[in-house]
file start.cif (mmCIF, C-alpha atoms and all ligand atoms)
data_run
#
loop_
_atom_site.group_PDB
_atom_site.id
_atom_site.type_symbol
_atom_site.label_atom_id
_atom_site.label_comp_id
_atom_site.auth_asym_id
_atom_site.auth_seq_id
_atom_site.Cartn_x
_atom_site.Cartn_y
_atom_site.Cartn_z
ATOM 1 C CA VAL E 4 38.123 59.990 141.450
ATOM 2 C CA THR E 5 38.495 63.708 141.860
ATOM 3 C CA THR E 6 37.531 64.398 138.273
ATOM 4 C CA LEU E 7 34.071 63.556 139.452
ATOM 5 C CA ALA E 8 34.492 66.176 142.156
ATOM 6 C CA GLY E 9 31.700 68.650 142.234
ATOM 7 C CA LEU E 10 29.330 66.537 140.204
ATOM 8 C CA ALA E 11 27.046 66.528 143.174
ATOM 9 C CA GLY E 12 27.582 70.236 143.678
ATOM 10 C CA PRO E 13 24.581 71.870 142.024
ATOM 11 C CA LYS E 14 22.289 68.978 142.800
ATOM 12 C CA LYS E 15 23.441 69.024 146.379
ATOM 13 C CA THR E 16 22.421 72.639 146.820
ATOM 14 C CA LYS E 17 19.002 71.988 145.369
ATOM 15 C CA MET E 18 18.466 68.865 147.391
ATOM 16 C CA THR E 19 19.722 70.483 150.554
ATOM 17 C CA SER E 20 17.388 73.433 150.318
ATOM 18 C CA ARG E 21 14.512 71.124 149.560
ATOM 19 C CA VAL E 22 15.239 69.142 152.700
ATOM 20 C CA LEU E 23 15.603 72.331 154.689
ATOM 21 C CA GLY E 24 12.383 73.671 153.227
ATOM 22 C CA LEU E 25 10.334 70.814 154.560
ATOM 23 C CA GLY E 26 10.588 70.956 158.295
ATOM 24 C CA VAL E 27 9.523 67.362 158.722
ATOM 25 C CA LEU E 28 12.239 66.157 156.409
ATOM 26 C CA ALA E 29 14.852 68.043 158.395
ATOM 27 C CA GLY E 30 14.776 65.340 161.002
ATOM 28 C CA LEU E 31 15.092 62.678 158.344
ATOM 29 C CA GLY E 32 18.089 64.412 156.810
ATOM 30 C CA ALA E 33 19.654 64.663 160.215
ATOM 31 C CA ALA E 34 19.015 61.013 160.904
ATOM 32 C CA MET E 35 20.720 60.106 157.651
ATOM 33 C CA ALA E 36 23.637 62.319 158.574
ATOM 34 C CA LEU E 37 24.060 60.311 161.733
ATOM 35 C CA ALA E 38 25.818 57.890 159.479
ATOM 36 C CA GLY E 39 28.210 60.818 158.836
ATOM 37 C CA PRO E 40 31.646 59.256 158.562
ATOM 38 C CA ALA E 41 30.299 56.401 156.459
ATOM 39 C CA TRP E 42 28.977 58.911 153.933
ATOM 40 C CA ALA E 43 32.331 60.517 153.531
ATOM 41 C CA SER E 44 33.089 58.549 150.438
ATOM 42 C CA ASP E 45 35.780 59.553 147.983
ATOM 43 C CA THR E 46 33.429 59.691 145.041
ATOM 44 C CA ARG E 47 30.596 62.066 144.338
ATOM 45 C CA VAL E 48 27.271 60.525 143.606
ATOM 46 C CA ASP E 49 24.443 61.789 141.494
ATOM 47 C CA GLY E 50 21.815 63.281 143.738
ATOM 48 C CA GLY E 51 24.065 63.219 146.798
ATOM 49 C CA ILE E 52 23.032 65.646 149.516
ATOM 50 C CA ASP E 53 26.068 65.588 151.789
ATOM 51 C CA LEU E 54 28.895 68.115 151.728
ATOM 52 C CA LEU E 55 31.715 67.269 149.367
ATOM 53 C CA PRO E 56 34.552 65.116 150.692
ATOM 54 C CA ALA E 57 37.279 67.197 152.286
ATOM 55 C CA ALA E 58 40.322 68.121 150.226
ATOM 56 C CA SER E 59 41.877 70.113 153.058
ATOM 57 C CA GLU E 60 42.092 70.152 156.830
ATOM 58 C CA MET E 61 39.825 73.201 156.867
ATOM 59 C CA MET E 62 37.099 71.383 154.954
ATOM 60 C CA GLN E 63 37.482 68.375 157.247
ATOM 61 C CA MET E 64 36.831 70.696 160.182
ATOM 62 C CA VAL E 65 33.752 72.035 158.399
ATOM 63 C CA ARG E 66 32.549 68.481 157.824
ATOM 64 C CA ASP E 67 33.130 67.560 161.466
ATOM 65 C CA PHE E 68 31.175 70.616 162.568
ATOM 66 C CA ASP E 69 28.413 69.715 160.130
ATOM 67 C CA PHE E 70 28.291 66.256 161.691
ATOM 68 C CA LEU E 71 28.059 67.704 165.200
ATOM 69 C CA VAL E 72 25.215 70.031 164.206
ATOM 70 C CA ASN E 73 23.390 67.171 162.524
ATOM 71 C CA VAL E 74 23.630 65.114 165.706
ATOM 72 C CA ILE E 75 22.165 68.023 167.684
ATOM 73 C CA ILE E 76 19.380 68.492 165.129
ATOM 74 C CA THR E 77 18.563 64.797 165.242
ATOM 75 C CA VAL E 78 18.402 64.643 169.030
ATOM 76 C CA ILE E 79 16.158 67.721 169.185
ATOM 77 C CA THR E 80 13.879 66.482 166.414
ATOM 78 C CA VAL E 81 13.440 63.056 167.969
ATOM 79 C CA PHE E 82 12.844 64.595 171.396
ATOM 80 C CA VAL E 83 10.200 67.035 170.129
ATOM 81 C CA LEU E 84 8.525 64.283 168.107
ATOM 82 C CA ALA E 85 8.392 62.079 171.216
ATOM 83 C CA LEU E 86 6.894 64.945 173.256
ATOM 84 C CA LEU E 87 4.228 65.534 170.614
ATOM 85 C CA GLY E 88 3.400 61.848 170.520
ATOM 86 C CA TRP E 89 3.174 61.717 174.294
ATOM 87 C CA VAL E 90 0.851 64.738 174.426
ATOM 88 C CA MET E 91 -1.383 63.380 171.673
ATOM 89 C CA LEU E 92 -1.702 59.924 173.196
ATOM 90 C CA ARG E 93 -1.732 60.670 176.889
ATOM 91 C CA TYR E 94 -3.636 63.970 176.937
ATOM 92 C CA ASN E 95 -6.280 63.664 174.263
ATOM 93 C CA ARG E 96 -9.942 64.139 175.280
ATOM 94 C CA ARG E 97 -10.637 60.456 175.644
ATOM 95 C CA ALA E 98 -7.550 59.509 177.660
ATOM 96 C CA ASN E 99 -7.642 62.632 179.829
ATOM 97 C CA PRO E 100 -11.284 63.817 180.138
ATOM 98 C CA THR E 101 -10.646 66.348 182.918
ATOM 99 C CA PRO E 102 -7.601 68.417 182.005
ATOM 100 C CA ALA E 103 -5.480 70.176 184.596
ATOM 101 C CA THR E 104 -5.969 73.936 184.705
ATOM 102 C CA PHE E 105 -2.588 75.212 185.894
ATOM 103 C CA THR E 106 -0.771 77.568 183.534
ATOM 104 C CA HIS E 107 2.724 77.945 184.984
ATOM 105 C CA ASN E 108 5.487 75.644 186.053
ATOM 106 C CA MET E 109 8.632 77.359 187.213
ATOM 107 C CA THR E 110 10.903 74.328 186.883
ATOM 108 C CA ILE E 111 9.955 73.462 183.329
ATOM 109 C CA GLU E 112 10.146 77.101 182.238
ATOM 110 C CA VAL E 113 13.673 77.429 183.583
ATOM 111 C CA ILE E 114 14.646 74.210 181.803
ATOM 112 C CA TRP E 115 13.212 75.157 178.433
ATOM 113 C CA THR E 116 14.977 78.488 178.619
ATOM 114 C CA ALA E 117 18.326 77.265 179.881
ATOM 115 C CA VAL E 118 18.737 74.145 177.747
ATOM 116 C CA PRO E 119 18.395 75.920 174.366
ATOM 117 C CA VAL E 120 20.890 78.526 175.604
ATOM 118 C CA LEU E 121 23.335 75.761 176.475
ATOM 119 C CA ILE E 122 22.844 74.156 173.059
ATOM 120 C CA LEU E 123 23.624 77.486 171.378
ATOM 121 C CA VAL E 124 26.721 77.887 173.562
ATOM 122 C CA VAL E 125 27.948 74.459 172.494
ATOM 123 C CA ILE E 126 27.382 75.288 168.814
ATOM 124 C CA ALA E 127 29.153 78.637 169.238
ATOM 125 C CA ALA E 128 32.094 77.015 170.990
ATOM 126 C CA PHE E 129 32.718 74.866 167.936
ATOM 127 C CA SER E 130 31.782 77.314 165.190
ATOM 128 C CA PHE E 131 33.722 80.412 166.292
ATOM 129 C CA PRO E 132 37.176 78.760 166.070
ATOM 130 C CA LEU E 133 36.175 77.578 162.619
ATOM 131 C CA LEU E 134 35.192 81.094 161.545
ATOM 132 C CA PHE E 135 38.424 82.557 162.910
ATOM 133 C CA LYS E 136 40.513 79.952 161.120
ATOM 134 C CA GLU E 137 38.719 80.699 157.855
ATOM 135 C CA GLU E 138 39.156 84.437 158.265
ATOM 136 C CA GLN E 139 42.789 84.589 159.368
ATOM 137 C CA VAL E 140 44.893 84.174 156.269
ATOM 138 C CA PRO E 141 48.063 82.328 157.239
ATOM 139 C CA LYS E 142 51.473 83.056 155.740
ATOM 140 C CA ALA E 143 50.860 82.284 152.103
ATOM 141 C CA ASP E 144 53.127 80.594 149.567
ATOM 142 C CA ILE E 145 51.348 81.990 146.545
ATOM 143 C CA THR E 146 48.669 84.576 145.982
ATOM 144 C CA ILE E 147 45.862 84.306 143.484
ATOM 145 C CA LYS E 148 43.609 87.222 142.702
ATOM 146 C CA ALA E 149 40.193 86.149 141.478
ATOM 147 C CA ILE E 150 38.195 88.719 139.528
ATOM 148 C CA GLY E 151 34.568 87.953 138.774
ATOM 149 C CA LYS E 152 33.117 89.414 135.600
ATOM 150 C CA GLN E 153 29.872 89.140 133.690
ATOM 151 C CA TRP E 154 30.491 86.320 132.826
ATOM 152 C CA ALA E 155 33.893 84.857 133.311
ATOM 153 C CA TRP E 156 36.694 84.684 135.845
ATOM 154 C CA THR E 157 40.118 86.211 135.566
ATOM 155 C CA PHE E 158 42.789 84.765 137.820
ATOM 156 C CA GLU E 159 45.940 86.754 138.390
ATOM 157 C CA TYR E 160 49.173 85.330 139.752
ATOM 158 C CA PRO E 161 51.013 88.415 141.037
ATOM 159 C CA ASP E 162 53.954 86.290 142.251
ATOM 160 C CA PHE E 163 54.691 85.351 138.654
ATOM 161 C CA PRO E 164 54.840 88.487 136.506
ATOM 162 C CA LEU E 165 54.922 88.517 132.736
ATOM 163 C CA GLU E 166 57.908 89.976 130.866
ATOM 164 C CA ASP E 167 56.393 93.465 131.046
ATOM 165 C CA GLY E 168 55.932 93.207 134.806
ATOM 166 C CA SER E 169 52.151 92.865 134.772
ATOM 167 C CA PRO E 170 50.846 89.862 136.669
ATOM 168 C CA LEU E 171 50.181 86.605 134.877
ATOM 169 C CA ALA E 172 46.427 86.580 134.226
ATOM 170 C CA ILE E 173 44.275 83.680 133.086
ATOM 171 C CA ASP E 174 40.783 84.178 131.658
ATOM 172 C CA VAL E 175 38.491 81.303 132.494
ATOM 173 C CA ASN E 176 35.352 80.353 130.620
ATOM 174 C CA PRO E 177 33.221 77.215 130.779
ATOM 175 C CA LEU E 178 34.238 74.284 128.647
ATOM 176 C CA SER E 179 31.661 73.868 125.896
ATOM 177 C CA LYS E 180 29.024 71.140 126.180
ATOM 178 C CA GLN E 181 30.543 69.412 123.184
ATOM 179 C CA ASP E 182 34.070 69.401 124.617
ATOM 180 C CA SER E 183 32.881 68.427 128.092
ATOM 181 C CA ASP E 184 31.045 65.406 126.723
ATOM 182 C CA ALA E 185 33.918 64.448 124.451
ATOM 183 C CA GLN E 186 36.425 64.641 127.311
ATOM 184 C CA ASN E 187 34.084 63.118 129.879
ATOM 185 C CA ARG E 188 34.367 66.177 132.092
ATOM 186 C CA PRO E 189 31.453 67.746 133.966
ATOM 187 C CA TYR E 190 29.742 70.398 131.880
ATOM 188 C CA LEU E 191 29.403 73.769 133.673
ATOM 189 C CA LEU E 192 32.050 72.729 136.172
ATOM 190 C CA ALA E 193 34.928 72.074 133.803
ATOM 191 C CA ALA E 194 36.700 75.198 132.589
ATOM 192 C CA ASP E 195 38.490 75.869 129.329
ATOM 193 C CA GLU E 196 41.508 77.061 131.336
ATOM 194 C CA PRO E 197 42.131 75.191 134.571
ATOM 195 C CA ILE E 198 44.242 77.139 137.035
ATOM 196 C CA TYR E 199 47.155 75.373 138.688
ATOM 197 C CA VAL E 200 48.270 75.321 142.300
ATOM 198 C CA PRO E 201 51.319 73.513 143.684
ATOM 199 C CA LEU E 202 50.708 70.692 146.155
ATOM 200 C CA GLY E 203 51.280 71.726 149.761
ATOM 201 C CA ALA E 204 51.055 75.431 149.055
ATOM 202 C CA THR E 205 49.027 77.776 151.177
ATOM 203 C CA VAL E 206 47.127 79.894 148.679
ATOM 204 C CA GLU E 207 45.991 83.356 149.605
ATOM 205 C CA LEU E 208 42.920 84.432 147.673
ATOM 206 C CA ARG E 209 42.093 88.024 146.941
ATOM 207 C CA VAL E 210 38.618 88.137 145.523
ATOM 208 C CA THR E 211 37.003 91.034 143.756
ATOM 209 C CA ALA E 212 34.705 91.800 140.818
ATOM 210 C CA SER E 213 34.688 94.241 137.953
ATOM 211 C CA ASP E 214 30.964 94.798 137.439
ATOM 212 C CA VAL E 215 28.412 93.217 139.766
ATOM 213 C CA ILE E 216 28.664 91.055 142.863
ATOM 214 C CA HIS E 217 29.870 87.523 142.205
ATOM 215 C CA ALA E 218 31.196 84.935 144.651
ATOM 216 C CA PHE E 219 34.161 82.610 144.474
ATOM 217 C CA ALA E 220 33.133 79.173 145.733
ATOM 218 C CA LEU E 221 35.466 76.191 145.928
ATOM 219 C CA PRO E 222 33.645 73.729 148.179
ATOM 220 C CA ASP E 223 36.302 71.001 148.393
ATOM 221 C CA PHE E 224 38.460 73.486 150.305
ATOM 222 C CA ALA E 225 35.638 75.204 152.207
ATOM 223 C CA VAL E 226 36.157 78.447 150.330
ATOM 224 C CA LYS E 227 33.386 80.914 149.598
ATOM 225 C CA GLU E 228 34.218 84.584 149.260
ATOM 226 C CA ASP E 229 32.009 87.331 147.908
ATOM 227 C CA ALA E 230 33.485 89.102 144.894
ATOM 228 C CA ILE E 231 32.473 92.727 145.258
ATOM 229 C CA PRO E 232 33.366 95.562 142.863
ATOM 230 C CA GLY E 233 35.702 98.085 144.475
ATOM 231 C CA ARG E 234 36.588 95.820 147.353
ATOM 232 C CA VAL E 235 39.012 92.991 147.911
ATOM 233 C CA ASN E 236 37.975 90.095 150.112
ATOM 234 C CA GLN E 237 40.587 87.730 151.417
ATOM 235 C CA GLY E 238 40.367 83.998 151.753
ATOM 236 C CA TRP E 239 42.765 81.113 151.668
ATOM 237 C CA PHE E 240 43.117 77.406 151.262
ATOM 238 C CA LYS E 241 45.848 74.852 151.571
ATOM 239 C CA ALA E 242 46.233 72.499 148.630
ATOM 240 C CA GLU E 243 46.712 69.254 150.505
ATOM 241 C CA LYS E 244 45.554 66.698 147.947
ATOM 242 C CA LEU E 245 46.515 66.229 144.323
ATOM 243 C CA GLY E 246 43.546 66.417 142.017
ATOM 244 C CA THR E 247 41.093 68.477 140.044
ATOM 245 C CA TYR E 248 38.577 70.546 141.952
ATOM 246 C CA TYR E 249 35.644 72.502 140.638
ATOM 247 C CA GLY E 250 34.098 75.712 141.821
ATOM 248 C CA GLN E 251 31.439 78.095 140.629
ATOM 249 C CA CYS E 252 30.188 81.599 140.937
ATOM 250 C CA SER E 253 27.967 81.474 143.972
ATOM 251 C CA GLU E 254 26.118 84.764 143.775
ATOM 252 C CA LEU E 255 23.269 85.315 141.360
ATOM 253 C CA CYS E 256 24.963 87.770 139.012
ATOM 254 C CA GLY E 257 22.940 87.807 135.830
ATOM 255 C CA ILE E 258 21.709 85.701 132.985
ATOM 256 C CA ARG E 259 24.925 83.698 132.598
ATOM 257 C CA HIS E 260 25.514 83.160 136.310
ATOM 258 C CA ALA E 261 25.452 79.408 135.765
ATOM 259 C CA PHE E 262 28.265 79.699 133.236
ATOM 260 C CA MET E 263 31.045 80.790 135.585
ATOM 261 C CA PRO E 264 32.796 77.587 136.586
ATOM 262 C CA LEU E 265 36.363 77.449 137.764
ATOM 263 C CA GLU E 266 38.677 74.491 137.785
ATOM 264 C CA VAL E 267 41.625 74.182 140.118
ATOM 265 C CA ARG E 268 44.314 71.575 139.560
ATOM 266 C CA VAL E 269 46.543 70.740 142.478
ATOM 267 C CA VAL E 270 49.766 69.402 140.980
ATOM 268 C CA GLU E 271 53.353 68.710 141.989
ATOM 269 C CA ARG E 272 55.632 71.745 142.078
ATOM 270 C CA PRO E 273 57.517 71.018 138.802
ATOM 271 C CA GLU E 274 54.253 70.641 136.890
ATOM 272 C CA PHE E 275 53.043 73.897 138.384
ATOM 273 C CA GLU E 276 56.227 75.696 137.358
ATOM 274 C CA ALA E 277 56.009 74.264 133.866
ATOM 275 C CA TRP E 278 52.454 75.594 133.604
ATOM 276 C CA ILE E 279 53.497 79.045 134.836
ATOM 277 C CA ALA E 280 56.304 79.086 132.282
ATOM 278 C CA ALA E 281 53.984 77.924 129.512
ATOM 279 C CA LYS E 282 51.663 80.814 130.310
ATOM 280 C CA GLY E 283 54.544 83.274 130.075
ATOM 281 C CA GLY E 284 54.973 83.879 133.793
ATOM 282 C CA LYS E 285 58.421 84.484 135.255
ATOM 283 C CA LEU E 286 59.563 82.349 138.138
ATOM 284 C CA VAL E 287 61.185 85.254 139.951
ATOM 285 C CA ALA E 288 64.367 84.540 141.875
ATOM 286 C CA ASP E 289 62.798 84.570 145.292
ATOM 287 C CA ALA E 290 59.660 82.807 144.204
ATOM 288 C CA PRO E 291 58.873 79.819 146.388
ATOM 289 C CA ALA E 292 61.214 76.927 145.676
ATOM 290 C CA ALA E 293 59.523 74.669 148.158
ATOM 291 C CA PRO E 294 56.318 75.593 149.906
ATOM 292 C CA ALA E 295 57.911 75.096 153.317
ATOM 293 C CA ALA E 296 60.529 77.837 153.760
ATOM 294 C CA LEU E 297 59.379 80.898 151.925
ATOM 295 C CA PRO E 298 59.876 84.591 151.963
ATOM 296 C CA ALA E 299 56.621 86.463 152.218
ATOM 297 C CA PRO E 300 54.997 86.471 148.794
ATOM 298 C CA ASP E 301 54.213 90.146 148.918
ATOM 299 C CA ASN E 302 57.821 91.218 148.804
ATOM 300 C CA PRO E 303 58.512 94.378 146.856
ATOM 301 C CA ALA E 304 59.689 92.388 143.833
ATOM 302 C CA ALA E 305 56.240 91.095 143.155
ATOM 303 C CA PRO E 306 53.638 93.684 142.312
ATOM 304 C CA ALA E 307 51.027 93.633 145.014
ATOM 305 C CA PRO E 308 47.604 92.951 143.607
ATOM 306 C CA ALA E 309 44.760 95.164 144.563
ATOM 307 C CA ALA E 310 47.164 97.984 145.363
ATOM 308 C CA GLY E 311 45.296 101.173 144.730
ATOM 309 C CA THR E 312 41.913 99.568 145.087
ATOM 310 C CA GLY E 313 41.770 101.674 148.182
ATOM 311 C CA ASP E 314 39.291 100.078 150.458
ATOM 312 C CA GLY E 315 40.589 96.544 150.459
ATOM 313 C CA PRO E 316 41.213 94.854 153.775
ATOM 314 C CA PRO E 317 44.459 95.847 155.462
ATOM 315 C CA GLN E 318 47.366 93.515 154.888
ATOM 316 C CA ALA E 319 47.977 91.222 157.793
ATOM 317 C CA PRO E 320 51.497 91.591 159.130
ATOM 318 C CA ARG E 321 53.590 88.601 158.250
HETATM 319 CU CU CU Y 401 28.887 85.552 138.898
#
call {"tool": "encode", "arguments": {"input": "start.cif", "output": "structure tokens"}}
result
Amino acid sequence: VTTLAGLAGPKKTKMTSRVLGLGVLAGLGAAMALAGPAWASDTRVDGGIDLLPAASEMMQMVRDFDFLVNVIITVITVFVLALLGWVMLRYNRRANPTPATFTHNMTIEVIWTAVPVLILVVIAAFSFPLLFKEEQVPKADITIKAIGKQWAWTFEYPDFPLEDGSPLAIDVNPLSKQDSDAQNRPYLLAADEPIYVPLGATVELRVTASDVIHAFALPDFAVKEDAIPGRVNQGWFKAEKLGTYYGQCSELCGIRHAFMPLEVRVVERPEFEAWIAAKGGKLVADAPAAPAALPAPDNPAAPAPAAGTGDGPPQAPR
């Protein structure tokens, strides 16, 4: 099921902006979203326009918020449409030959000022907690540093150093069209080197770039962080569901922007450790044994990534 994850990704973006572009269709899209929970199928569909199914609690919260906003959009659209219809039918020249000449109505002006304010307050009340949760990186079990490059990703695992002490680093390129077709994997989403994450782990992301601005997007987990040269942005996700998830570069970064997929595999801990070992990484003594009870990952034994970058965000106290 999840190997199909992300299939709707690029199409979704295109479809979504098309719907947003046509004001009239916005109401239609909202009306369709009213069926929200029913849409939340496990499989991606070609041409789907909904957000991807949630692979984490965070993404579920994003989906719930999306549903709420769609309900609000629908109510407003239907209300405004009804008002327009009423005005056109009741107050056209034939039905209302002698129009009223007043220009102010205190009551209605107070209402149409206050009600939109209240709507915005409601939206803010639900969106701010979401933003704070996204921005506050919880105590992480492992750290992954994502480096965007023209045009590839490098993922470093500073918790698992190589023999020489440098962090385990994986270069990720798109899987070729030929291989994608042969393996029935989505071209331009599948990567030649999937990166592995243990199930249940809270993953801290440190995102940067080496040349131009890229962006690390992993929609199943509601992750999107700008990758900016000379700066380290922090993000996180919790790997709550086994499976394969696809992400992409999400910032127009040059001619091969579309060729920067990333593939994340959430696997059981032993499989993750086997992968780390196969890549030459050391499972250091105090490396997480089980995601639950962990020492902080940025202990002195593990080289801190981004050290020396200078203007990265300050480390949150743990
Ligand atoms: Cu890019």
call {"tool": "residues_around", "arguments": {"input": "start.cif", "residues": "Glu207 in chain E", "least_positions_apart": "6", "cutoff": "9 Å", "atoms": "all atoms listed in the file", "output": "mmCIF file with C-alpha atoms, keeping the file's coordinate frame"}}
result
data_model
loop_
_atom_site.group_PDB
_atom_site.id
_atom_site.type_symbol
_atom_site.label_atom_id
_atom_site.label_comp_id
_atom_site.auth_asym_id
_atom_site.auth_seq_id
_atom_site.Cartn_x
_atom_site.Cartn_y
_atom_site.Cartn_z
ATOM 1 C CA VAL E 140 44.893 84.174 156.269
ATOM 2 C CA PRO E 141 48.063 82.328 157.239
ATOM 3 C CA LYS E 142 51.473 83.056 155.740
ATOM 4 C CA ALA E 143 50.860 82.284 152.103
ATOM 5 C CA ASP E 144 53.127 80.594 149.567
ATOM 6 C CA ILE E 145 51.348 81.990 146.545
ATOM 7 C CA THR E 146 48.669 84.576 145.982
ATOM 8 C CA ILE E 147 45.862 84.306 143.484
ATOM 9 C CA LYS E 148 43.609 87.222 142.702
ATOM 10 C CA GLN E 237 40.587 87.730 151.417
ATOM 11 C CA GLY E 238 40.367 83.998 151.753
ATOM 12 C CA TRP E 239 42.765 81.113 151.668
ATOM 13 C CA PHE E 240 43.117 77.406 151.262
ATOM 14 C CA LYS E 241 45.848 74.852 151.571
#
call {"tool": "closest_residue", "arguments": {"input": "start.cif", "among": "E:Phe224, E:Phe262, E:Trp89, E:Phe135", "to": "ligand CU 401 (chain Y)", "atoms": "all atoms listed in the file"}}
result
E:Phe262
call {"tool": "closest_residue", "arguments": {"input": "start.cif", "among": "E:Thr211, E:Gly151, E:Val200, E:Val269", "to": "ligand CU 401 (chain Y)", "atoms": "all atoms listed in the file"}}
result
E:Gly151
call {"tool": "closest_residue", "arguments": {"input": "start.cif", "among": "E:Glu274, E:Asp214, E:Asp184, E:Glu266", "to": "ligand CU 401 (chain Y)", "atoms": "all atoms listed in the file"}}
result
E:Asp214
call {"tool": "residues_near_ligand", "arguments": {"input": "start.cif", "ligand": "ligand CU 401 (chain Y)", "cutoff": "9 Å", "atoms": "only C-alpha atoms and all ligand atoms", "output": "VMD selection string"}}
result
chain E and resid 151 to 156 212 215 to 219 230 251 to 257 259 to 263
call {"tool": "write_last_selection", "arguments": {"input": "start.cif", "atoms": "C-alpha atoms", "output": "tab-separated table (two decimals), keeping the file's coordinate frame"}}
result
chain	number	residue	atom	x	y	z
E	151	GLY	CA	34.57	87.95	138.77
E	152	LYS	CA	33.12	89.41	135.60
E	153	GLN	CA	29.87	89.14	133.69
E	154	TRP	CA	30.49	86.32	132.83
E	155	ALA	CA	33.89	84.86	133.31
E	156	TRP	CA	36.69	84.68	135.84
E	212	ALA	CA	34.70	91.80	140.82
E	215	VAL	CA	28.41	93.22	139.77
E	216	ILE	CA	28.66	91.06	142.86
E	217	HIS	CA	29.87	87.52	142.21
E	218	ALA	CA	31.20	84.94	144.65
E	219	PHE	CA	34.16	82.61	144.47
E	230	ALA	CA	33.48	89.10	144.89
E	251	GLN	CA	31.44	78.10	140.63
E	252	CYS	CA	30.19	81.60	140.94
E	253	SER	CA	27.97	81.47	143.97
E	254	GLU	CA	26.12	84.76	143.78
E	255	LEU	CA	23.27	85.32	141.36
E	256	CYS	CA	24.96	87.77	139.01
E	257	GLY	CA	22.94	87.81	135.83
E	259	ARG	CA	24.92	83.70	132.60
E	260	HIS	CA	25.51	83.16	136.31
E	261	ALA	CA	25.45	79.41	135.76
E	262	PHE	CA	28.26	79.70	133.24
E	263	MET	CA	31.04	80.79	135.58
call {"tool": "residues_around", "arguments": {"input": "start.cif", "residues": "Asp195 in chain E", "least_positions_apart": "6", "cutoff": "10 Å", "atoms": "only C-alpha atoms", "output": "PyMOL selection string"}}
result
chain E and resi 174-179+182-183+264-266
call {"tool": "atom_distance", "arguments": {"input": "start.cif", "atom1": "CA of Ile122 in chain E", "atom2": "CA of Asn73 in chain E"}}
result
12.7 Å
call {"tool": "closest_residue", "arguments": {"input": "start.cif", "among": "E:Leu208, E:Gln186, E:Asp53, E:Val120", "to": "Asp69 in chain E", "atoms": "all atoms listed in the file"}}
result
E:Asp53
call {"tool": "closest_residue", "arguments": {"input": "start.cif", "among": "E:Val287, E:Tyr160, E:Lys244, E:Thr106", "to": "Met62 in chain E", "atoms": "all atoms listed in the file"}}
result
E:Lys244
call {"tool": "residues_around", "arguments": {"input": "start.cif", "residues": "Pro273 in chain E", "least_positions_apart": "2", "cutoff": "12 Å", "atoms": "only C-alpha atoms", "output": "PDB file with C-alpha atoms, in the coordinates of the input"}}
result
ATOM      1  CA  TYR E 199      47.155  75.373 138.688  1.00  0.00           C
ATOM      2  CA  VAL E 200      48.270  75.321 142.300  1.00  0.00           C
ATOM      3  CA  PRO E 201      51.319  73.513 143.684  1.00  0.00           C
ATOM      4  CA  LEU E 202      50.708  70.692 146.155  1.00  0.00           C
ATOM      5  CA  VAL E 269      46.543  70.740 142.478  1.00  0.00           C
ATOM      6  CA  VAL E 270      49.766  69.402 140.980  1.00  0.00           C
ATOM      7  CA  GLU E 271      53.353  68.710 141.989  1.00  0.00           C
ATOM      8  CA  PHE E 275      53.043  73.897 138.384  1.00  0.00           C
ATOM      9  CA  GLU E 276      56.227  75.696 137.358  1.00  0.00           C
ATOM     10  CA  ALA E 277      56.009  74.264 133.866  1.00  0.00           C
ATOM     11  CA  TRP E 278      52.454  75.594 133.604  1.00  0.00           C
ATOM     12  CA  ILE E 279      53.497  79.045 134.836  1.00  0.00           C
ATOM     13  CA  ALA E 280      56.304  79.086 132.282  1.00  0.00           C
ATOM     14  CA  LEU E 286      59.563  82.349 138.138  1.00  0.00           C
ATOM     15  CA  PRO E 291      58.873  79.819 146.388  1.00  0.00           C
ATOM     16  CA  ALA E 292      61.214  76.927 145.676  1.00  0.00           C
ATOM     17  CA  ALA E 293      59.523  74.669 148.158  1.00  0.00           C
TER      18      ALA E 293
END
call {"tool": "atom_distance", "arguments": {"input": "start.cif", "atom1": "CA of Leu71 in chain E", "atom2": "CA of Leu123 in chain E"}}
result
12.4 Å
call {"tool": "atom_distance", "arguments": {"input": "start.cif", "atom1": "CA of Ile231 in chain E", "atom2": "CA of Pro56 in chain E"}}
result
28.2 Å
call {"tool": "resolve_selection", "arguments": {"input": "start.cif", "expression": "the PyMOL selection byres (((chain E and resi 72) around 10) and not hetatm)", "output": "VMD selection string"}}
result
chain E and resid 33 36 66 to 71 73 to 78 125 to 126 129 to 130
call {"tool": "write_last_selection", "arguments": {"input": "start.cif", "atoms": "C-alpha atoms", "output": "compact mmCIF listing (two decimals), keeping the file's coordinate frame"}}
result
# COMPACT_ATOMS: atom_id res chain seq x y z
CA ALA E 33 19.65 64.66 160.22
CA ALA E 36 23.64 62.32 158.57
CA ARG E 66 32.55 68.48 157.82
CA ASP E 67 33.13 67.56 161.47
CA PHE E 68 31.18 70.62 162.57
CA ASP E 69 28.41 69.72 160.13
CA PHE E 70 28.29 66.26 161.69
CA LEU E 71 28.06 67.70 165.20
CA ASN E 73 23.39 67.17 162.52
CA VAL E 74 23.63 65.11 165.71
CA ILE E 75 22.16 68.02 167.68
CA ILE E 76 19.38 68.49 165.13
CA THR E 77 18.56 64.80 165.24
CA VAL E 78 18.40 64.64 169.03
CA VAL E 125 27.95 74.46 172.49
CA ILE E 126 27.38 75.29 168.81
CA PHE E 129 32.72 74.87 167.94
CA SER E 130 31.78 77.31 165.19
call {"tool": "closest_residue", "arguments": {"input": "start.cif", "among": "E:Leu171, E:Ala204, E:Leu245, E:Val226", "to": "Ala281 in chain E", "atoms": "only C-alpha atoms"}}
result
E:Leu171
call {"tool": "axis_aligned_box", "arguments": {"input": "start.cif", "around": "range 206-221 of chain E", "padding_each_side": "6 Å", "output": "AutoDock Vina command-line options"}}
result
--center_x 37.8 --center_y 85.5 --center_z 143.5 --size_x 30.7 --size_y 30.6 --size_z 24.2
